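Q: So that you have it, the file is query_3.cif, and it contains mmCIF, C-alpha atoms:
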data_data
loop_
_atom_site.group_PDB
_atom_site.id
_atom_site.type_symbol
_atom_site.label_atom_id
_atom_site.label_comp_id
_atom_site.auth_asym_id
_atom_site.auth_seq_id
_atom_site.Cartn_x
_atom_site.Cartn_y
_atom_site.Cartn_z
ATOM 1 C CA MET A 89 13.993 -0.583 37.137
ATOM 2 C CA ALA A 90 11.145 -1.674 39.411
ATOM 3 C CA SER A 91 11.993 -2.281 43.044
ATOM 4 C CA SER A 92 12.227 -5.903 44.158
ATOM 5 C CA ARG A 93 10.193 -4.980 47.223
ATOM 6 C CA VAL A 94 6.803 -3.780 46.036
ATOM 7 C CA LEU A 95 4.415 -2.287 48.560
ATOM 8 C CA ARG A 96 1.374 -4.531 48.821
ATOM 9 C CA LEU A 97 -1.811 -2.662 47.996
ATOM 10 C CA PRO A 98 -5.443 -3.772 47.914
ATOM 11 C CA ARG A 99 -6.267 -5.088 44.444
ATOM 12 C CA ASP A 100 -8.452 -2.132 43.426
ATOM 13 C CA GLN A 101 -5.790 0.370 44.504
ATOM 14 C CA ARG A 102 -3.083 -1.528 42.662
ATOM 15 C CA ARG A 103 -5.263 -1.655 39.542
ATOM 16 C CA ALA A 104 -5.854 2.103 39.715
ATOM 17 C CA GLN A 105 -2.110 2.673 40.108
ATOM 18 C CA LEU A 106 -1.337 0.495 37.098
ATOM 19 C CA LEU A 107 -3.988 2.200 34.980
ATOM 20 C CA GLN A 108 -2.547 5.606 35.795
ATOM 21 C CA ALA A 109 0.940 4.442 34.860
ATOM 22 C CA ALA A 110 -0.441 3.012 31.628
ATOM 23 C CA ILE A 111 -2.173 6.317 30.815
ATOM 24 C CA ASP A 112 1.142 8.128 31.245
ATOM 25 C CA VAL A 113 3.114 5.692 29.094
ATOM 26 C CA PHE A 114 0.522 5.200 26.344
ATOM 27 C CA THR A 115 -0.020 8.965 26.109
ATOM 28 C CA ALA A 116 3.707 9.601 25.790
ATOM 29 C CA LYS A 117 4.548 6.740 23.407
ATOM 30 C CA GLY A 118 1.354 5.512 21.812
ATOM 31 C CA TYR A 119 0.178 1.922 21.876
ATOM 32 C CA HIS A 120 2.710 0.413 19.487
ATOM 33 C CA ALA A 121 5.853 1.985 20.956
ATOM 34 C CA ALA A 122 4.882 1.367 24.582
ATOM 35 C CA ALA A 123 6.112 -1.809 26.264
ATOM 36 C CA MET A 124 4.814 -3.594 29.334
ATOM 37 C CA ASP A 125 8.278 -3.097 30.844
ATOM 38 C CA ASP A 126 7.817 0.667 30.478
ATOM 39 C CA ILE A 127 4.474 0.549 32.255
ATOM 40 C CA ALA A 128 5.740 -1.710 35.051
ATOM 41 C CA ASP A 129 8.679 0.651 35.600
ATOM 42 C CA ALA A 130 6.393 3.705 35.607
ATOM 43 C CA ALA A 131 4.189 2.017 38.226
ATOM 44 C CA GLY A 132 7.176 0.887 40.301
ATOM 45 C CA VAL A 133 6.215 -2.786 40.097
ATOM 46 C CA SER A 134 7.640 -5.896 38.513
ATOM 47 C CA LYS A 135 6.285 -7.084 35.187
ATOM 48 C CA PRO A 136 4.787 -10.244 36.779
ATOM 49 C CA VAL A 137 2.738 -7.991 39.082
ATOM 50 C CA LEU A 138 1.465 -6.105 36.046
ATOM 51 C CA TYR A 139 0.519 -9.367 34.334
ATOM 52 C CA GLN A 140 -1.390 -10.482 37.434
ATOM 53 C CA HIS A 141 -3.864 -7.685 36.679
ATOM 54 C CA PHE A 142 -3.745 -7.488 32.873
ATOM 55 C CA GLY A 143 -3.049 -10.479 30.666
ATOM 56 C CA SER A 144 -1.636 -8.502 27.762
ATOM 57 C CA LYS A 145 -0.771 -5.016 26.565
ATOM 58 C CA LEU A 146 -4.021 -4.961 24.591
ATOM 59 C CA ASP A 147 -6.033 -5.887 27.697
ATOM 60 C CA LEU A 148 -4.368 -3.039 29.565
ATOM 61 C CA TYR A 149 -4.941 -0.578 26.732
ATOM 62 C CA LEU A 150 -8.620 -1.509 26.507
ATOM 63 C CA ALA A 151 -8.971 -1.062 30.270
ATOM 64 C CA VAL A 152 -7.441 2.413 29.967
ATOM 65 C CA LEU A 153 -9.745 3.213 27.056
ATOM 66 C CA ASP A 154 -12.799 2.011 28.993
ATOM 67 C CA ALA A 155 -11.855 4.167 31.987
ATOM 68 C CA SER A 156 -11.294 7.197 29.744
ATOM 69 C CA CYS A 157 -14.600 6.717 27.922
ATOM 70 C CA ASP A 158 -16.447 6.232 31.217
ATOM 71 C CA ARG A 159 -14.918 9.419 32.605
ATOM 72 C CA LEU A 160 -16.006 11.531 29.641
ATOM 73 C CA THR A 161 -19.486 9.995 29.584
ATOM 74 C CA THR A 162 -19.965 10.585 33.304
ATOM 75 C CA GLU A 163 -18.768 14.185 33.104
ATOM 76 C CA VAL A 164 -21.103 15.000 30.205
ATOM 77 C CA GLU A 165 -24.057 13.342 31.951
ATOM 78 C CA GLN A 166 -23.286 15.311 35.114
ATOM 79 C CA ALA A 167 -23.164 18.512 33.057
ATOM 80 C CA LEU A 168 -26.575 17.753 31.539
ATOM 81 C CA ALA A 169 -28.041 17.088 34.989
ATOM 82 C CA SER A 170 -26.406 20.101 36.654
ATOM 83 C CA THR A 171 -29.129 22.604 35.801
ATOM 84 C CA GLU A 172 -32.622 23.015 34.339
ATOM 85 C CA ASP A 173 -31.561 26.160 32.481
ATOM 86 C CA ASN A 174 -30.795 25.106 28.927
ATOM 87 C CA ALA A 175 -28.296 27.873 28.176
ATOM 88 C CA GLU A 176 -26.350 26.855 31.266
ATOM 89 C CA ARG A 177 -26.758 23.198 30.330
ATOM 90 C CA VAL A 178 -25.193 23.780 26.915
ATOM 91 C CA SER A 179 -22.374 25.750 28.525
ATOM 92 C CA ALA A 180 -21.748 23.023 31.108
ATOM 93 C CA THR A 181 -21.622 20.364 28.391
ATOM 94 C CA MET A 182 -19.123 22.350 26.325
ATOM 95 C CA ASP A 183 -17.076 22.926 29.485
ATOM 96 C CA ALA A 184 -16.989 19.176 30.093
ATOM 97 C CA TYR A 185 -15.412 18.544 26.692
ATOM 98 C CA PHE A 186 -12.900 21.384 26.938
ATOM 99 C CA ASP A 187 -11.897 20.406 30.481
ATOM 100 C CA TYR A 188 -11.501 16.772 29.416
ATOM 101 C CA VAL A 189 -9.230 17.721 26.513
ATOM 102 C CA ALA A 190 -7.283 20.250 28.600
ATOM 103 C CA ARG A 191 -6.498 17.746 31.346
ATOM 104 C CA ALA A 192 -2.767 17.238 31.810
ATOM 105 C CA THR A 193 -3.079 13.432 31.582
ATOM 106 C CA GLY A 194 -3.805 13.682 27.860
ATOM 107 C CA GLU A 195 -6.195 10.748 28.183
ATOM 108 C CA PHE A 196 -8.543 12.300 25.620
ATOM 109 C CA ARG A 197 -6.152 10.903 23.006
ATOM 110 C CA PHE A 198 -7.364 7.369 23.774
ATOM 111 C CA VAL A 199 -10.924 8.372 22.896
ATOM 112 C CA PHE A 200 -10.327 10.829 20.054
ATOM 113 C CA GLU A 201 -6.885 10.011 18.621
ATOM 114 C CA SER A 202 -6.089 6.361 19.292
ATOM 115 C CA ASP A 203 -3.196 4.976 17.235
ATOM 116 C CA LEU A 204 -4.510 1.424 17.599
ATOM 117 C CA THR A 205 -6.690 0.297 14.693
ATOM 118 C CA ASP A 206 -8.550 -2.569 16.295
ATOM 119 C CA ASP A 207 -12.278 -3.271 16.079
ATOM 120 C CA ARG A 208 -12.507 -3.559 19.862
ATOM 121 C CA VAL A 209 -11.098 -0.058 20.249
ATOM 122 C CA GLN A 210 -13.490 1.457 17.719
ATOM 123 C CA ASP A 211 -16.449 -0.431 19.197
ATOM 124 C CA ARG A 212 -15.754 1.058 22.631
ATOM 125 C CA ILE A 213 -15.306 4.564 21.262
ATOM 126 C CA ASN A 214 -18.499 4.299 19.221
ATOM 127 C CA ALA A 215 -20.429 2.997 22.215
ATOM 128 C CA ALA A 216 -19.281 5.922 24.370
ATOM 129 C CA GLN A 217 -20.186 8.448 21.680
ATOM 130 C CA GLU A 218 -23.600 6.832 21.263
ATOM 131 C CA GLU A 219 -24.236 6.924 25.002
ATOM 132 C CA ILE A 220 -23.352 10.611 25.180
ATOM 133 C CA ALA A 221 -25.418 11.475 22.090
ATOM 134 C CA ASP A 222 -28.386 9.541 23.485
ATOM 135 C CA ALA A 223 -28.169 11.461 26.756
ATOM 136 C CA VAL A 224 -28.119 14.795 24.916
ATOM 137 C CA ALA A 225 -30.918 13.671 22.583
ATOM 138 C CA GLY A 226 -33.066 12.694 25.555
ATOM 139 C CA VAL A 227 -32.867 16.222 26.943
ATOM 140 C CA ILE A 228 -33.616 17.750 23.530
ATOM 141 C CA THR A 229 -36.634 15.506 22.983
ATOM 142 C CA GLU A 230 -38.021 16.245 26.423
ATOM 143 C CA ASP A 231 -37.625 19.996 26.027
ATOM 144 C CA THR A 232 -38.625 20.499 22.392
ATOM 145 C CA GLY A 233 -41.043 17.700 21.551
ATOM 146 C CA LEU A 234 -38.928 16.744 18.533
ATOM 147 C CA SER A 235 -38.843 13.096 17.529
ATOM 148 C CA LEU A 236 -35.993 10.968 18.826
ATOM 149 C CA ASP A 237 -34.466 10.766 15.348
ATOM 150 C CA GLN A 238 -34.556 14.546 14.978
ATOM 151 C CA ALA A 239 -33.138 15.061 18.446
ATOM 152 C CA LYS A 240 -30.390 12.502 17.838
ATOM 153 C CA LEU A 241 -29.202 14.386 14.748
ATOM 154 C CA LEU A 242 -29.034 17.629 16.745
ATOM 155 C CA ALA A 243 -27.282 15.830 19.601
ATOM 156 C CA ILE A 244 -24.640 14.377 17.261
ATOM 157 C CA SER A 245 -24.104 17.878 15.860
ATOM 158 C CA LEU A 246 -23.638 19.398 19.316
ATOM 159 C CA VAL A 247 -21.303 16.633 20.470
ATOM 160 C CA GLY A 248 -19.277 16.956 17.278
ATOM 161 C CA LEU A 249 -18.997 20.717 17.767
ATOM 162 C CA ALA A 250 -17.793 20.237 21.329
ATOM 163 C CA GLN A 251 -15.240 17.562 20.460
ATOM 164 C CA VAL A 252 -13.786 19.189 17.358
ATOM 165 C CA SER A 253 -13.599 22.700 18.811
ATOM 166 C CA ALA A 254 -11.971 21.479 22.030
ATOM 167 C CA ARG A 255 -9.361 19.498 20.118
ATOM 168 C CA TYR A 256 -8.710 22.412 17.774
ATOM 169 C CA TRP A 257 -8.193 24.728 20.749
ATOM 170 C CA LEU A 258 -5.630 22.343 22.238
ATOM 171 C CA ASN A 259 -3.779 21.601 19.000
ATOM 172 C CA ALA A 260 -3.642 25.273 18.003
ATOM 173 C CA GLY A 261 -1.941 26.043 21.300
ATOM 174 C CA PRO A 262 -3.817 27.119 24.447
ATOM 175 C CA GLY A 263 -1.625 30.214 24.637
ATOM 176 C CA ARG A 264 -3.332 31.598 21.540
ATOM 177 C CA LEU A 265 -6.775 31.562 23.106
ATOM 178 C CA ASP A 266 -7.637 31.468 26.795
ATOM 179 C CA LEU A 267 -9.535 28.339 27.879
ATOM 180 C CA THR A 268 -12.385 30.364 29.368
ATOM 181 C CA GLU A 269 -12.760 32.385 26.177
ATOM 182 C CA ALA A 270 -12.641 29.242 24.023
ATOM 183 C CA LYS A 271 -15.384 27.636 26.108
ATOM 184 C CA GLN A 272 -17.517 30.773 25.846
ATOM 185 C CA LEU A 273 -17.169 30.996 22.078
ATOM 186 C CA ALA A 274 -18.112 27.351 21.539
ATOM 187 C CA SER A 275 -20.966 27.563 24.050
ATOM 188 C CA THR A 276 -22.383 30.685 22.434
ATOM 189 C CA LEU A 277 -22.352 29.076 18.994
ATOM 190 C CA ALA A 278 -23.976 25.890 20.287
ATOM 191 C CA TRP A 279 -26.632 27.743 22.302
ATOM 192 C CA ARG A 280 -27.589 30.103 19.479
ATOM 193 C CA GLY A 281 -28.116 27.071 17.291
ATOM 194 C CA ILE A 282 -30.100 24.856 19.640
ATOM 195 C CA ALA A 283 -32.089 27.805 21.026
ATOM 196 C CA GLY A 284 -33.830 27.941 17.633
ATOM 197 C CA PHE A 285 -35.853 24.935 18.792
ATOM 198 C CA PRO A 286 -38.147 26.363 21.490
ATOM 199 C CA ARG A 287 -39.139 24.458 24.592
ATOM 200 C CA THR A 288 -42.535 22.784 24.550
ATOM 201 C CA GLY A 289 -45.206 24.394 26.680
#
Can I see the file as structure tokens?
A:
Amino acid sequence: MASSRVLRLPRDQRRAQLLQAAIDVFTAKGYHAAAMDDIADAAGVSKPVLYQHFGSKLDLYLAVLDASCDRLTTEVEQALASTEDNAERVSATMDAYFDYVARATGEFRFVFESDLTDDRVQDRINAAQEEIADAVAGVITEDTGLSLDQAKLLAISLVGLAQVSARYWLNAGPGRLDLTEAKQLASTLAWRGIAGFPRTG
């Protein structure tokens, strides 16, 4: 039960605390089984405090989803910008997906395995995937001279490879295949494919 004396925090810190508690509860129970009482208890606050920041369970879930999508998008964009060497760039991008899925919070489930069938959820997920694919396509277009449509198809293929392989690795059981080895296998496959499109100049 939440304490009757809740430590007062600045609004942004309180919001971050509530989002983290929501990630924990939604990951463990899913959207439908989770209750606002569960999240308030996990955060150590009263339910009225929780409702001061989020008007409903759906509002809170969408805020968690937005944060999770933003995190993945930022990490992939950072991977793309981390080097000018394309083999290393592919490897860094694959690493971003595997690290995201391997994270103990399990927040990848909001983006890849949400149990909430709501148009607003799918719209956010689609928007994040589009943003990531566009970022990858931009690099491909710049380096190969392919059209944007051609590059976008390749980008979608690379992103799909990263997402599906990372999720397979996790669901199969990390003990069966070391994370470093899994990253290397996926990166090698992706690089050998995209390397068939030589750099312009």
Q: Within 8 Å of region 228-236 of chain A, counting all atoms listed in the file, which residues show up once you throw out same-chain ones fewer than 3 positions away? Write them as a PDB file with C-alpha atoms, in the coordinates of the input, please.
A:
ATOM      1  CA  VAL A 224     -28.119  14.795  24.916  1.00  0.00           C
ATOM      2  CA  ALA A 225     -30.918  13.671  22.583  1.00  0.00           C
ATOM      3  CA  ALA A 239     -33.138  15.061  18.446  1.00  0.00           C
ATOM      4  CA  LYS A 240     -30.390  12.502  17.838  1.00  0.00           C
ATOM      5  CA  ALA A 243     -27.282  15.830  19.601  1.00  0.00           C
ATOM      6  CA  PHE A 285     -35.853  24.935  18.792  1.00  0.00           C
ATOM      7  CA  PRO A 286     -38.147  26.363  21.490  1.00  0.00           C
ATOM      8  CA  ARG A 287     -39.139  24.458  24.592  1.00  0.00           C
ATOM      9  CA  THR A 288     -42.535  22.784  24.550  1.00  0.00           C
TER      10      THR A 288
END
Q: Using Å and a single decimal, report how far CA of Ile111 (chain A) sits from CA of Ala130 (chain A).
A: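 A separation of 10.2 Å between them.
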Q: To verify the selection step, state as a PyMOL selection string which residues the PyMOL selection byres ((chain A and resi 199-213) around 8) yields on this input.
A: chain A and resi 118-120+150+153-154+156-157+195-198+214-217
Q: I need the residues from that last selection saved to file as a short mmCIF file (atom, residue, chain, number, x, y, z; two decimals), in the coordinates of the input (with C-alpha atoms), if you can.
A:
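Saved the output as again-v2.cif:
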data_model
loop_
_atom_site.label_atom_id
_atom_site.label_comp_id
_atom_site.auth_asym_id
_atom_site.auth_seq_id
_atom_site.Cartn_x
_atom_site.Cartn_y
_atom_site.Cartn_z
CA GLY A 118 1.35 5.51 21.81
CA TYR A 119 0.18 1.92 21.88
CA HIS A 120 2.71 0.41 19.49
CA LEU A 150 -8.62 -1.51 26.51
CA LEU A 153 -9.74 3.21 27.06
CA ASP A 154 -12.80 2.01 28.99
CA SER A 156 -11.29 7.20 29.74
CA CYS A 157 -14.60 6.72 27.92
CA GLU A 195 -6.20 10.75 28.18
CA PHE A 196 -8.54 12.30 25.62
CA ARG A 197 -6.15 10.90 23.01
CA PHE A 198 -7.36 7.37 23.77
CA ASN A 214 -18.50 4.30 19.22
CA ALA A 215 -20.43 3.00 22.22
CA ALA A 216 -19.28 5.92 24.37
CA GLN A 217 -20.19 8.45 21.68
#
Q: So how far away is CA of Val227 (chain A) from CA of Val247 (chain A), in Å?
A: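 Answer for the CA of Val247 (chain A) to CA of Val227 (chain A) separation: 13.3 Å.
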Q: Between CA of Ala192 (chain A) and CA of Leu138 (chain A), what is the spacing in Å?
A: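 If I compute the distance from CA of Leu138 (chain A) to CA of Ala192 (chain A), I get 24.1 Å.
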Q: From the set A:Gln251, A:Gln140, A:Val133, A:Glu176, which residue has the shortest atom-to-atom contact distance to Tyr188 (chain A), counting all atoms listed in the file?
A: A:Gln251
Q: Kindly resolve the PyMOL selection byres ((chain A and resi 271-280) around 10) on the present coordinates and return the residues as a PyMOL selection string.
A: chain A and resi 174-187+245-247+249-250+253-254+257+265-270+281-285
Q: Mind listing whatever residues come within 12 Å of the point (1.8, 7.5, 29.7)? Use only C-alpha atoms, file coordinates, and give them as a PyMOL selection string.
A: chain A and resi 106-119+121-124+126-131+149+152+192-195+197-198
Q: Box in all listed atoms of region 163-180 of chain A, axis-aligned, with 3 Å more on each side; write out centre and edge lengths in Å to one decimal as JSON.
A:
{"center_x": -25.7, "center_y": 20.6, "center_z": 31.8, "size_x": 19.9, "size_y": 20.5, "size_z": 15.7}
Q: For region 230-241 of chain A, supply all heavy atoms and report the output as a PDB file, in the frame of the given file.
A:
ATOM      1  N   GLU A 230     -37.165  15.858  25.301  1.00  0.00           N
ATOM      2  CA  GLU A 230     -38.021  16.245  26.423  1.00  0.00           C
ATOM      3  C   GLU A 230     -38.372  17.727  26.378  1.00  0.00           C
ATOM      4  O   GLU A 230     -39.501  18.127  26.672  1.00  0.00           O
ATOM      5  CB  GLU A 230     -37.317  15.917  27.739  1.00  0.00           C
ATOM      6  CG  GLU A 230     -38.137  16.235  28.978  1.00  0.00           C
ATOM      7  CD  GLU A 230     -37.410  15.869  30.262  1.00  0.00           C
ATOM      8  OE1 GLU A 230     -36.410  15.122  30.183  1.00  0.00           O
ATOM      9  OE2 GLU A 230     -37.843  16.340  31.321  1.00  0.00           O
ATOM     10  N   ASP A 231     -37.415  18.549  25.986  1.00  0.00           N
ATOM     11  CA  ASP A 231     -37.625  19.996  26.027  1.00  0.00           C
ATOM     12  C   ASP A 231     -38.310  20.558  24.788  1.00  0.00           C
ATOM     13  O   ASP A 231     -38.977  21.594  24.871  1.00  0.00           O
ATOM     14  CB  ASP A 231     -36.280  20.705  26.214  1.00  0.00           C
ATOM     15  CG  ASP A 231     -35.799  20.671  27.648  1.00  0.00           C
ATOM     16  OD1 ASP A 231     -36.543  20.170  28.496  1.00  0.00           O
ATOM     17  OD2 ASP A 231     -34.685  21.129  27.916  1.00  0.00           O
ATOM     18  N   THR A 232     -38.122  19.913  23.634  1.00  0.00           N
ATOM     19  CA  THR A 232     -38.625  20.499  22.392  1.00  0.00           C
ATOM     20  C   THR A 232     -39.801  19.753  21.792  1.00  0.00           C
ATOM     21  O   THR A 232     -40.510  20.304  20.943  1.00  0.00           O
ATOM     22  CB  THR A 232     -37.509  20.532  21.325  1.00  0.00           C
ATOM     23  OG1 THR A 232     -37.150  19.184  20.989  1.00  0.00           O
ATOM     24  CG2 THR A 232     -36.298  21.291  21.839  1.00  0.00           C
ATOM     25  N   GLY A 233     -39.992  18.493  22.166  1.00  0.00           N
ATOM     26  CA  GLY A 233     -41.043  17.700  21.551  1.00  0.00           C
ATOM     27  C   GLY A 233     -40.651  17.142  20.194  1.00  0.00           C
ATOM     28  O   GLY A 233     -41.482  16.547  19.497  1.00  0.00           O
ATOM     29  N   LEU A 234     -39.396  17.335  19.783  1.00  0.00           N
ATOM     30  CA  LEU A 234     -38.928  16.744  18.533  1.00  0.00           C
ATOM     31  C   LEU A 234     -38.897  15.225  18.653  1.00  0.00           C
ATOM     32  O   LEU A 234     -38.795  14.678  19.756  1.00  0.00           O
ATOM     33  CB  LEU A 234     -37.530  17.252  18.197  1.00  0.00           C
ATOM     34  CG  LEU A 234     -37.390  18.732  17.827  1.00  0.00           C
ATOM     35  CD1 LEU A 234     -35.919  19.105  17.706  1.00  0.00           C
ATOM     36  CD2 LEU A 234     -38.116  19.034  16.521  1.00  0.00           C
ATOM     37  N   SER A 235     -38.948  14.553  17.509  1.00  0.00           N
ATOM     38  CA  SER A 235     -38.843  13.096  17.529  1.00  0.00           C
ATOM     39  C   SER A 235     -37.443  12.702  17.972  1.00  0.00           C
ATOM     40  O   SER A 235     -36.503  13.503  17.903  1.00  0.00           O
ATOM     41  CB  SER A 235     -39.130  12.523  16.143  1.00  0.00           C
ATOM     42  OG  SER A 235     -38.051  12.803  15.265  1.00  0.00           O
ATOM     43  N   LEU A 236     -37.303  11.444  18.373  1.00  0.00           N
ATOM     44  CA  LEU A 236     -35.993  10.968  18.826  1.00  0.00           C
ATOM     45  C   LEU A 236     -34.971  11.031  17.694  1.00  0.00           C
ATOM     46  O   LEU A 236     -33.808  11.386  17.915  1.00  0.00           O
ATOM     47  CB  LEU A 236     -36.114   9.541  19.365  1.00  0.00           C
ATOM     48  CG  LEU A 236     -34.856   8.975  20.039  1.00  0.00           C
ATOM     49  CD1 LEU A 236     -34.403   9.888  21.179  1.00  0.00           C
ATOM     50  CD2 LEU A 236     -35.099   7.569  20.546  1.00  0.00           C
ATOM     51  N   ASP A 237     -35.393  10.715  16.479  1.00  0.00           N
ATOM     52  CA  ASP A 237     -34.466  10.766  15.348  1.00  0.00           C
ATOM     53  C   ASP A 237     -34.008  12.202  15.089  1.00  0.00           C
ATOM     54  O   ASP A 237     -32.821  12.445  14.810  1.00  0.00           O
ATOM     55  CB  ASP A 237     -35.127  10.209  14.082  1.00  0.00           C
ATOM     56  CG  ASP A 237     -35.244   8.692  14.114  1.00  0.00           C
ATOM     57  OD1 ASP A 237     -34.474   8.057  14.866  1.00  0.00           O
ATOM     58  OD2 ASP A 237     -36.107   8.147  13.401  1.00  0.00           O
ATOM     59  N   GLN A 238     -34.927  13.140  15.165  1.00  0.00           N
ATOM     60  CA  GLN A 238     -34.556  14.546  14.978  1.00  0.00           C
ATOM     61  C   GLN A 238     -33.607  15.008  16.081  1.00  0.00           C
ATOM     62  O   GLN A 238     -32.602  15.676  15.825  1.00  0.00           O
ATOM     63  CB  GLN A 238     -35.818  15.412  14.957  1.00  0.00           C
ATOM     64  CG  GLN A 238     -36.709  15.207  13.746  1.00  0.00           C
ATOM     65  CD  GLN A 238     -38.047  15.901  13.892  1.00  0.00           C
ATOM     66  OE1 GLN A 238     -38.628  15.952  14.986  1.00  0.00           O
ATOM     67  NE2 GLN A 238     -38.546  16.457  12.794  1.00  0.00           N
ATOM     68  N   ALA A 239     -33.962  14.653  17.307  1.00  0.00           N
ATOM     69  CA  ALA A 239     -33.138  15.061  18.446  1.00  0.00           C
ATOM     70  C   ALA A 239     -31.756  14.429  18.387  1.00  0.00           C
ATOM     71  O   ALA A 239     -30.756  15.064  18.756  1.00  0.00           O
ATOM     72  CB  ALA A 239     -33.833  14.681  19.752  1.00  0.00           C
ATOM     73  N   LYS A 240     -31.677  13.186  17.907  1.00  0.00           N
ATOM     74  CA  LYS A 240     -30.390  12.502  17.838  1.00  0.00           C
ATOM     75  C   LYS A 240     -29.463  13.205  16.844  1.00  0.00           C
ATOM     76  O   LYS A 240     -28.255  13.349  17.097  1.00  0.00           O
ATOM     77  CB  LYS A 240     -30.606  11.039  17.424  1.00  0.00           C
ATOM     78  CG  LYS A 240     -29.348  10.180  17.436  1.00  0.00           C
ATOM     79  CD  LYS A 240     -28.815   9.966  18.842  1.00  0.00           C
ATOM     80  CE  LYS A 240     -27.661   8.971  18.874  1.00  0.00           C
ATOM     81  NZ  LYS A 240     -28.110   7.568  18.720  1.00  0.00           N
ATOM     82  N   LEU A 241     -30.021  13.666  15.723  1.00  0.00           N
ATOM     83  CA  LEU A 241     -29.202  14.386  14.748  1.00  0.00           C
ATOM     84  C   LEU A 241     -28.652  15.672  15.367  1.00  0.00           C
ATOM     85  O   LEU A 241     -27.469  15.999  15.203  1.00  0.00           O
ATOM     86  CB  LEU A 241     -30.020  14.711  13.500  1.00  0.00           C
ATOM     87  CG  LEU A 241     -29.278  15.506  12.416  1.00  0.00           C
ATOM     88  CD1 LEU A 241     -28.073  14.731  11.901  1.00  0.00           C
ATOM     89  CD2 LEU A 241     -30.211  15.866  11.270  1.00  0.00           C
TER      90      LEU A 241
END
